[in-house]
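A.B. asks: Sharing a structure with you now.
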Amino acid sequence: MSEEDEKKSIIDLVRHGETTAGQCFLGSTDAQLSELGWQQMESAGLLLDYDVVISSPLLRCYEFASRYAEKIHKPLIVDAQLREIHFGQWEAKTAEQICKTDEKKLSAFWRDPVKHTPPDGESLLAFKERVLQAYYSIVDEWQGKKILLACHGGVIKMILCDLLAIETQKMNKIAIDYAGVSRVSMWEDISQISFINHVSLKQE
């Protein structure tokens, strides 16, 4: 192995699969993977030689990450900073339910999530700060290693926006499907994105 290869890090960011909660604002609310969600994760195009598996503490990520780390005989680390954004009063509600009471606030949130935070929710800038702090701490600690991050759509979008210099309020222009895998390669402080949102199991 060359000296350059020894310094190279590979970070695979995998979103959890479908959950039992269905389509809703599922931020800090816990929900397990559905049967389909497990199928999606088991079909995800993951490497088999990671050095470490790092997971959000929420069950939809942790349960798969725990099982996968055991399967490949590698350490599992749980990082609370990788949890999804907290949607406040909108937690576990569908857009249809929110529209009945907060239609204007929801519309404003879709237009510019930076300026319009859900009632009692976590601001997008606070979310960005904690996610990026966690991400860069991880890549610094595990430099030259293969890392699997089992986390959430919002977390992955925030990391990719930072790497691609995309404005935070435009994060939803990036699609991250259930069990979608995105790969980042790093040489010291140089990052290169190999692919975004690779999905092995067809999704409707």
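Within each chain, counting starts at residue 1; across the structure tokens, chains are named A, B, ... in the order shown, with ligands numbered 1 upward in that order.
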With a distance cut-off of 7 Å and only C-alpha atoms, select the neighbouring residues of region 134-140 of chain A, excluding the residue or stretch itself and same-chain residues fewer than 4 positions from it, and output the selection as number ranges by chain.
C.D. replies: A: 81-82, 130
A.B. asks: Using only C-alpha atoms, determine which residues lie at most 12 Å from Arg111 (chain A), disregarding the query and same-chain residues fewer than 4 positions distant; provide the list as a PyMOL selection string.
C.D. replies: chain A and resi 104-107+115-117+169-173
A.B. asks: Save the residues we just selected, C-alpha atoms, as a short mmCIF file (atom, residue, chain, number, x, y, z; two decimals), in the first residue's frame?
C.D. replies:
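The resulting again14.cif:
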data_model
loop_
_atom_site.label_atom_id
_atom_site.label_comp_id
_atom_site.auth_asym_id
_atom_site.auth_seq_id
_atom_site.Cartn_x
_atom_site.Cartn_y
_atom_site.Cartn_z
CA LYS A 104 -48.46 29.29 6.51
CA LYS A 105 -45.59 28.25 8.78
CA LEU A 106 -45.08 25.03 6.85
CA SER A 107 -45.05 26.88 3.51
CA LYS A 115 -35.26 31.63 8.45
CA HIS A 116 -38.33 29.61 9.43
CA THR A 117 -37.89 27.03 12.19
CA GLN A 169 -31.34 26.67 2.59
CA LYS A 170 -31.02 24.69 -0.65
CA MET A 171 -30.28 21.37 1.06
CA ASN A 172 -33.58 19.84 -0.08
CA LYS A 173 -32.42 20.00 -3.69
#
A.B. asks: Just want the 9 Å neighbourhood of Ser43 (chain A), counted on only C-alpha atoms, with same-chain residues fewer than 5 positions away dropped. Output as a VMD selection string.
C.D. replies: chain A and resid 38 179 199 to 201
A.B. asks: Could you name the residues that touch Ala21 (chain A) at 12 Å or less, counting only C-alpha atoms, but leaving out those on the same chain fewer than 4 positions away, as a PyMOL selection string?
C.D. replies: chain A and resi 17+25-27+29-34+37+59-60+91-94
A.B. asks: What is the CA of Gln89 (chain A)-CA of Thr19 (chain A) distance in Å, reported with one decimal?
C.D. replies: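 Interatomic distance, CA of Gln89 (chain A) to CA of Thr19 (chain A): 20.0 Å.
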A.B. asks: For Ile72 (chain A), please output as a PyMOL selection string all residues within 9 Å (counting only C-alpha atoms; exclusion window: fewer than 4 positions along the same chain).
C.D. replies: chain A and resi 48-50+67-68
A.B. asks: Once you have the residues from the selection above, write them out as a CSV table (one decimal), in the first residue's frame, restricted to N, CA and C atoms.
C.D. replies:
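Below is the file that was written, selection.csv:
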chain,number,residue,atom,x,y,z
A,48,LEU,N,-17.5,-4.3,2.8
A,48,LEU,CA,-17.4,-5.3,3.9
A,48,LEU,C,-16.2,-5.2,4.7
A,49,ASP,N,-15.4,-4.1,4.5
A,49,ASP,CA,-14.1,-4.0,5.2
A,49,ASP,C,-14.0,-2.7,5.9
A,50,TYR,N,-15.1,-2.2,6.5
A,50,TYR,CA,-15.0,-0.9,7.2
A,50,TYR,C,-14.2,-1.2,8.5
A,67,ARG,N,-26.2,-4.5,14.3
A,67,ARG,CA,-26.2,-5.8,13.7
A,67,ARG,C,-25.1,-5.9,12.6
A,68,TYR,N,-24.9,-4.8,11.9
A,68,TYR,CA,-23.9,-4.8,10.8
A,68,TYR,C,-22.5,-4.9,11.4
A.B. asks: In terms of the shortest atom-to-atom distance over only C-alpha atoms, which of A:Leu132, A:Gly144, A:Arg83, A:Arg15 is closest to Ser185 (chain A)?
C.D. replies: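 Of A:Leu132, A:Gly144, A:Arg83, A:Arg15, the one nearest Ser185 (chain A), counting only C-alpha atoms, is A:Gly144.
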A.B. asks: My list of candidates is A:Phe87, A:Ile54, A:Val114, A:Cys99. Which is closest to Ser66 (chain A) when distances are computed with only C-alpha atoms?
C.D. replies: A:Ile54
A.B. asks: Taking into account only C-alpha atoms, which residue in the set A:Lys145, A:Tyr62, A:Ala108, A:Asp51 is nearest to Glu188 (chain A)?
C.D. replies: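 The answer is A:Lys145, which sits nearest to Glu188 (chain A).
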A.B. asks: Let's see if you can do this: from backbone DSSP, list all strand (DSSP E or B) residues in region 13-199 of chain A, as a ChimeraX atom specification.
C.D. replies: /A:13-15,19,33,52-55,76-78,146-151,181-187,190-198
A.B. asks: Filtering to N, CA and C atoms, could you give me those residues as a compact mmCIF listing (two decimals), in the first residue's frame?
C.D. replies:
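Below is the file result-v3.txt, written as the result:
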# COMPACT_ATOMS: atom_id res chain seq x y z
N LEU A 13 -21.83 7.24 3.80
CA LEU A 13 -22.96 7.79 4.55
C LEU A 13 -24.21 7.04 4.10
N VAL A 14 -24.82 6.27 4.99
CA VAL A 14 -26.01 5.51 4.62
C VAL A 14 -27.21 6.00 5.44
N ARG A 15 -28.29 6.30 4.74
CA ARG A 15 -29.52 6.66 5.42
C ARG A 15 -30.24 5.38 5.86
N THR A 19 -39.37 3.29 7.89
CA THR A 19 -39.70 3.01 9.28
C THR A 19 -41.18 2.68 9.45
N LEU A 33 -37.25 0.22 12.12
CA LEU A 33 -37.36 -0.09 10.70
C LEU A 33 -38.54 -1.01 10.47
N VAL A 52 -14.68 0.87 11.15
CA VAL A 52 -15.56 1.27 12.25
C VAL A 52 -16.94 1.60 11.70
N VAL A 53 -17.96 1.34 12.50
CA VAL A 53 -19.33 1.72 12.18
C VAL A 53 -19.76 2.75 13.23
N ILE A 54 -20.22 3.90 12.76
CA ILE A 54 -20.64 4.97 13.67
C ILE A 54 -22.10 5.30 13.37
N SER A 55 -22.91 5.38 14.42
CA SER A 55 -24.35 5.47 14.23
C SER A 55 -25.00 6.57 15.06
N LEU A 76 -18.54 -0.59 17.07
CA LEU A 76 -19.69 0.29 16.85
C LEU A 76 -19.59 1.46 17.82
N ILE A 77 -19.70 2.65 17.29
CA ILE A 77 -19.70 3.87 18.11
C ILE A 77 -21.00 4.60 17.88
N VAL A 78 -21.65 5.02 18.96
CA VAL A 78 -22.89 5.78 18.86
C VAL A 78 -22.58 7.25 19.13
N LYS A 146 -11.63 3.26 6.72
CA LYS A 146 -12.92 3.14 6.04
C LYS A 146 -14.01 3.23 7.10
N ILE A 147 -14.90 4.20 6.94
CA ILE A 147 -15.87 4.53 7.97
C ILE A 147 -17.28 4.40 7.41
N LEU A 148 -18.16 3.76 8.15
CA LEU A 148 -19.59 3.72 7.79
C LEU A 148 -20.35 4.56 8.79
N LEU A 149 -21.04 5.59 8.30
CA LEU A 149 -21.90 6.42 9.14
C LEU A 149 -23.35 6.06 8.85
N ALA A 150 -24.04 5.49 9.82
CA ALA A 150 -25.45 5.16 9.69
C ALA A 150 -26.25 6.30 10.31
N CYS A 151 -26.92 7.07 9.46
CA CYS A 151 -27.55 8.28 9.98
C CYS A 151 -28.82 8.62 9.21
N VAL A 181 -26.86 5.39 -0.27
CA VAL A 181 -25.46 5.46 0.17
C VAL A 181 -24.73 6.54 -0.63
N SER A 182 -24.01 7.39 0.08
CA SER A 182 -23.17 8.40 -0.56
C SER A 182 -21.74 8.21 -0.05
N ARG A 183 -20.77 8.35 -0.93
CA ARG A 183 -19.38 8.06 -0.54
C ARG A 183 -18.49 9.28 -0.71
N VAL A 184 -17.70 9.53 0.32
CA VAL A 184 -16.72 10.62 0.31
C VAL A 184 -15.33 10.01 0.50
N SER A 185 -14.39 10.39 -0.35
CA SER A 185 -12.99 10.01 -0.17
C SER A 185 -12.21 11.24 0.26
N MET A 186 -11.26 11.04 1.19
CA MET A 186 -10.50 12.18 1.71
C MET A 186 -9.02 11.86 1.75
N TRP A 187 -8.22 12.82 1.33
CA TRP A 187 -6.78 12.78 1.50
C TRP A 187 -6.42 14.01 2.32
N ILE A 190 -8.44 17.25 1.69
CA ILE A 190 -9.03 17.28 0.35
C ILE A 190 -10.13 16.22 0.29
N SER A 191 -11.35 16.63 -0.08
CA SER A 191 -12.48 15.71 -0.17
C SER A 191 -12.94 15.56 -1.60
N GLN A 192 -13.37 14.35 -1.94
CA GLN A 192 -13.93 14.07 -3.26
C GLN A 192 -15.15 13.18 -3.08
N ILE A 193 -16.27 13.55 -3.69
CA ILE A 193 -17.48 12.75 -3.59
C ILE A 193 -17.52 11.78 -4.77
N SER A 194 -17.56 10.50 -4.46
CA SER A 194 -17.57 9.46 -5.49
C SER A 194 -18.96 9.26 -6.07
N PHE A 195 -19.96 9.24 -5.20
CA PHE A 195 -21.35 9.11 -5.66
C PHE A 195 -22.29 9.56 -4.55
N ILE A 196 -23.52 9.89 -4.95
CA ILE A 196 -24.55 10.37 -4.02
C ILE A 196 -25.82 9.53 -4.21
N ASN A 197 -26.37 9.05 -3.09
CA ASN A 197 -27.68 8.41 -3.08
C ASN A 197 -27.75 7.16 -3.96
N HIS A 198 -26.74 6.31 -3.84
CA HIS A 198 -26.82 5.02 -4.54
C HIS A 198 -27.81 4.12 -3.81
A.B. asks: Have a look at A:Glu42, A:Ala69, A:Ala175, A:Phe109 and name the one nearest to Met158 (chain A); count only C-alpha atoms.
C.D. replies: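 Smallest separation from Met158 (chain A) among the options: A:Ala175.
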A.B. asks: From the options A:Asp112, A:Asp120, A:Glu63, A:Asp102, which residue's atoms come nearest to Met41 (chain A), counting only C-alpha atoms?
C.D. replies: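 Nearest candidate to Met41 (chain A) out of A:Asp112, A:Asp120, A:Glu63, A:Asp102: A:Glu63.
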A.B. asks: Quick one: of A:Asp189, A:Ile98, A:Gln143, A:Glu167, who's nearest to Ser9 (chain A), counting only C-alpha atoms?
C.D. replies: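 Using only C-alpha atoms, Ser9 (chain A) sits closest to A:Gln143.
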A.B. asks: Once DSSP has gone over the backbone, tell me which residues of region 133-196 of chain A are in alpha helix (DSSP H), as a PyMOL selection string.
C.D. replies: chain A and resi 133-141+153-164
